[in-house]
Amino acid sequence: MSEYTSTREGFQRAMKWSLTGPPEETKKYAEAVSMPGFYQIMNNERFEYDTHVKTIEEWRGKVSDYEPIIHEFLRDRDQLAARMTGTIKIQGVATEFESFIFAKVDKESGRMEWLI
């Protein structure tokens with residue numbers, strides 16, 4: 001089971017890592033937390049694995065500070081749910097956010113199959 005999807009603390013590390021590493025290390029992050037067939041649905045748009053990785057890489061180049069906090073976390077077999085708040089700073093402007101996350105997790109590897 002992946003350290004990034006089995007506990008609240010691990011999932012918080014994964015969420016922090018998503019936007020704080022160097023853009024050129026995005027694929028390393030994606031491979032650690034998601035399956036090759038992974039997709040994300042955000043704002044009613046589906047992002048397949050390659051597009052998801054490219055989008056994270058672009059965001060990593062823009063974000064100067066990112067502090068996510070996982071408040072609630074539930075992992076039940078292959079299902080994951082979490083509530084996250086925090087701040088993100090882009091071009092010197094800080095914005096607060098709140099996200100509700102749902103994911104399906106691969107039973108063997110613990111990596112995410114999809115994320116909404």
# chains A, B, ... in the order shown; residues from 1 in each chain; ligands from 1

$ residues_around --residues "segment 26-42 of chain A" --least-positions-apart "2" --cutoff "6 Å" --atoms "only C-alpha atoms" --output "PyMOL selection string"
chain A and resi 23-24+44-49+57+111-116

$ select_by_dssp --residues "chain A" --states "helix (DSSP H, G or I)" --output "PyMOL selection string"
chain A and resi 8-20+23-33+49-62

$ select_by_dssp --residues "chain A" --states "strand (DSSP E or B)" --output "mmCIF file with C-alpha atoms, in the first residue's frame"
data_model
loop_
_atom_site.group_PDB
_atom_site.id
_atom_site.type_symbol
_atom_site.label_atom_id
_atom_site.label_comp_id
_atom_site.auth_asym_id
_atom_site.auth_seq_id
_atom_site.Cartn_x
_atom_site.Cartn_y
_atom_site.Cartn_z
ATOM 1 C CA SER A 34 -0.922 7.399 -9.544
ATOM 2 C CA MET A 35 -1.399 4.470 -11.899
ATOM 3 C CA PRO A 36 -0.434 4.768 -15.605
ATOM 4 C CA GLY A 37 -4.139 4.844 -16.594
ATOM 5 C CA PHE A 38 -4.902 7.561 -14.026
ATOM 6 C CA TYR A 39 -7.308 10.370 -14.854
ATOM 7 C CA GLN A 40 -8.604 13.403 -12.960
ATOM 8 C CA ILE A 41 -11.949 15.127 -13.306
ATOM 9 C CA MET A 42 -11.853 18.797 -12.386
ATOM 10 C CA GLU A 45 -13.304 18.244 -17.498
ATOM 11 C CA ARG A 46 -11.488 14.909 -17.676
ATOM 12 C CA PHE A 47 -7.693 15.011 -17.755
ATOM 13 C CA GLU A 48 -5.971 11.794 -18.856
ATOM 14 C CA VAL A 63 3.396 28.416 -7.786
ATOM 15 C CA SER A 64 5.729 30.158 -5.332
ATOM 16 C CA ASP A 65 4.089 28.849 -2.150
ATOM 17 C CA TYR A 66 1.587 26.067 -1.507
ATOM 18 C CA GLU A 67 0.365 24.987 1.938
ATOM 19 C CA PRO A 68 -2.371 22.331 1.782
ATOM 20 C CA ILE A 69 -3.886 20.962 4.989
ATOM 21 C CA ILE A 70 -5.857 17.715 5.014
ATOM 22 C CA HIS A 71 -8.554 18.063 7.683
ATOM 23 C CA GLU A 72 -10.599 14.926 7.075
ATOM 24 C CA PHE A 73 -9.343 11.716 5.509
ATOM 25 C CA LEU A 74 -11.108 8.407 4.971
ATOM 26 C CA ARG A 75 -9.658 5.333 3.299
ATOM 27 C CA ASP A 76 -11.940 2.307 2.962
ATOM 28 C CA GLN A 79 -11.959 4.322 -1.867
ATOM 29 C CA LEU A 80 -10.431 7.539 -0.579
ATOM 30 C CA ALA A 81 -12.143 10.757 0.508
ATOM 31 C CA ALA A 82 -10.560 13.894 1.927
ATOM 32 C CA ARG A 83 -11.235 17.548 2.684
ATOM 33 C CA MET A 84 -8.361 19.919 2.116
ATOM 34 C CA THR A 85 -7.926 23.649 2.700
ATOM 35 C CA GLY A 86 -4.916 25.870 2.364
ATOM 36 C CA THR A 87 -3.264 28.712 0.538
ATOM 37 C CA ILE A 88 -1.580 28.861 -2.829
ATOM 38 C CA LYS A 89 0.528 31.767 -4.038
ATOM 39 C CA ILE A 90 0.874 32.493 -7.747
ATOM 40 C CA VAL A 93 -0.948 36.696 -4.978
ATOM 41 C CA ALA A 94 -2.081 34.320 -2.219
ATOM 42 C CA THR A 95 -5.440 32.595 -2.530
ATOM 43 C CA GLU A 96 -7.214 30.436 0.030
ATOM 44 C CA PHE A 97 -8.938 27.287 -1.178
ATOM 45 C CA GLU A 98 -11.050 24.357 -0.033
ATOM 46 C CA SER A 99 -11.293 21.056 -1.914
ATOM 47 C CA PHE A 100 -13.285 17.895 -1.449
ATOM 48 C CA ILE A 101 -11.419 14.955 -2.948
ATOM 49 C CA PHE A 102 -12.637 11.513 -3.928
ATOM 50 C CA ALA A 103 -10.397 8.850 -5.430
ATOM 51 C CA LYS A 104 -10.226 5.199 -6.325
ATOM 52 C CA VAL A 105 -7.041 3.504 -5.162
ATOM 53 C CA MET A 112 -4.627 6.368 -7.346
ATOM 54 C CA GLU A 113 -6.603 5.175 -10.367
ATOM 55 C CA TRP A 114 -8.689 8.337 -10.587
ATOM 56 C CA LEU A 115 -9.271 11.545 -8.661
#

$ decode --residues "segment 30-63 of chain A" --atoms "N, CA and C atoms" --output "CSV table (one decimal), in the first residue's frame"
chain,number,residue,atom,x,y,z
A,30,ALA,N,4.1,11.9,-10.2
A,30,ALA,CA,2.9,11.2,-10.8
A,30,ALA,C,3.1,9.7,-10.7
A,31,GLU,N,4.3,9.2,-11.0
A,31,GLU,CA,4.5,7.8,-10.9
A,31,GLU,C,4.4,7.2,-9.5
A,32,ALA,N,4.7,8.0,-8.5
A,32,ALA,CA,4.7,7.6,-7.1
A,32,ALA,C,3.3,7.5,-6.6
A,33,VAL,N,2.4,8.4,-7.1
A,33,VAL,CA,1.1,8.5,-6.5
A,33,VAL,C,-0.1,8.0,-7.4
A,34,SER,N,0.2,7.8,-8.7
A,34,SER,CA,-0.9,7.4,-9.5
A,34,SER,C,-0.5,6.3,-10.5
A,35,MET,N,-1.6,5.6,-10.9
A,35,MET,CA,-1.4,4.5,-11.9
A,35,MET,C,-1.2,5.0,-13.3
A,36,PRO,N,-0.6,4.3,-14.2
A,36,PRO,CA,-0.4,4.8,-15.6
A,36,PRO,C,-1.7,5.2,-16.3
A,37,GLY,N,-2.9,4.5,-16.0
A,37,GLY,CA,-4.1,4.8,-16.6
A,37,GLY,C,-4.9,5.9,-15.8
A,38,PHE,N,-4.3,6.6,-14.9
A,38,PHE,CA,-4.9,7.6,-14.0
A,38,PHE,C,-5.6,8.7,-14.8
A,39,TYR,N,-6.7,9.2,-14.3
A,39,TYR,CA,-7.3,10.4,-14.9
A,39,TYR,C,-7.9,11.2,-13.7
A,40,GLN,N,-8.0,12.5,-13.9
A,40,GLN,CA,-8.6,13.4,-13.0
A,40,GLN,C,-9.8,14.1,-13.6
A,41,ILE,N,-10.8,14.3,-12.8
A,41,ILE,CA,-11.9,15.1,-13.3
A,41,ILE,C,-12.0,16.4,-12.4
A,42,MET,N,-11.9,17.5,-13.1
A,42,MET,CA,-11.9,18.8,-12.4
A,42,MET,C,-12.6,19.8,-13.2
A,43,ASN,N,-13.6,20.5,-12.5
A,43,ASN,CA,-14.4,21.5,-13.2
A,43,ASN,C,-15.1,20.8,-14.4
A,44,ASN,N,-15.6,19.6,-14.3
A,44,ASN,CA,-16.4,18.9,-15.3
A,44,ASN,C,-15.5,18.6,-16.5
A,45,GLU,N,-14.2,18.6,-16.4
A,45,GLU,CA,-13.3,18.2,-17.5
A,45,GLU,C,-12.4,17.1,-17.1
A,46,ARG,N,-12.3,16.1,-18.0
A,46,ARG,CA,-11.5,14.9,-17.7
A,46,ARG,C,-10.1,15.1,-18.2
A,47,PHE,N,-9.1,14.9,-17.4
A,47,PHE,CA,-7.7,15.0,-17.8
A,47,PHE,C,-7.1,13.6,-17.7
A,48,GLU,N,-6.6,13.1,-18.8
A,48,GLU,CA,-6.0,11.8,-18.9
A,48,GLU,C,-4.6,12.0,-18.3
A,49,TYR,N,-3.9,10.8,-18.0
A,49,TYR,CA,-2.6,10.8,-17.3
A,49,TYR,C,-1.6,11.8,-17.9
A,50,ASP,N,-1.3,11.8,-19.2
A,50,ASP,CA,-0.3,12.7,-19.8
A,50,ASP,C,-0.7,14.1,-19.6
A,51,THR,N,-2.0,14.5,-19.8
A,51,THR,CA,-2.4,15.9,-19.6
A,51,THR,C,-2.3,16.3,-18.2
A,52,HIS,N,-2.7,15.4,-17.3
A,52,HIS,CA,-2.6,15.6,-15.8
A,52,HIS,C,-1.1,16.0,-15.5
A,53,VAL,N,-0.2,15.2,-15.9
A,53,VAL,CA,1.2,15.4,-15.6
A,53,VAL,C,1.7,16.7,-16.2
A,54,LYS,N,1.3,17.0,-17.4
A,54,LYS,CA,1.7,18.3,-18.1
A,54,LYS,C,1.1,19.5,-17.3
A,55,THR,N,-0.1,19.4,-16.9
A,55,THR,CA,-0.8,20.4,-16.1
A,55,THR,C,-0.1,20.7,-14.8
A,56,ILE,N,0.3,19.6,-14.1
A,56,ILE,CA,1.0,19.8,-12.8
A,56,ILE,C,2.4,20.4,-13.0
A,57,GLU,N,3.0,20.0,-14.1
A,57,GLU,CA,4.3,20.6,-14.5
A,57,GLU,C,4.2,22.1,-14.7
A,58,GLU,N,3.2,22.5,-15.4
A,58,GLU,CA,2.9,23.9,-15.6
A,58,GLU,C,2.7,24.7,-14.3
A,59,TRP,N,1.8,24.1,-13.5
A,59,TRP,CA,1.5,24.7,-12.2
A,59,TRP,C,2.7,24.9,-11.3
A,60,ARG,N,3.6,23.8,-11.3
A,60,ARG,CA,4.8,23.9,-10.5
A,60,ARG,C,5.7,25.1,-10.9
A,61,GLY,N,5.6,25.4,-12.2
A,61,GLY,CA,6.4,26.6,-12.7
A,61,GLY,C,5.8,27.9,-12.2
A,62,LYS,N,4.5,28.0,-11.9
A,62,LYS,CA,3.9,29.2,-11.5
A,62,LYS,C,3.8,29.4,-10.0
A,63,VAL,N,3.7,28.3,-9.2
A,63,VAL,CA,3.4,28.4,-7.8
A,63,VAL,C,4.7,28.8,-7.0
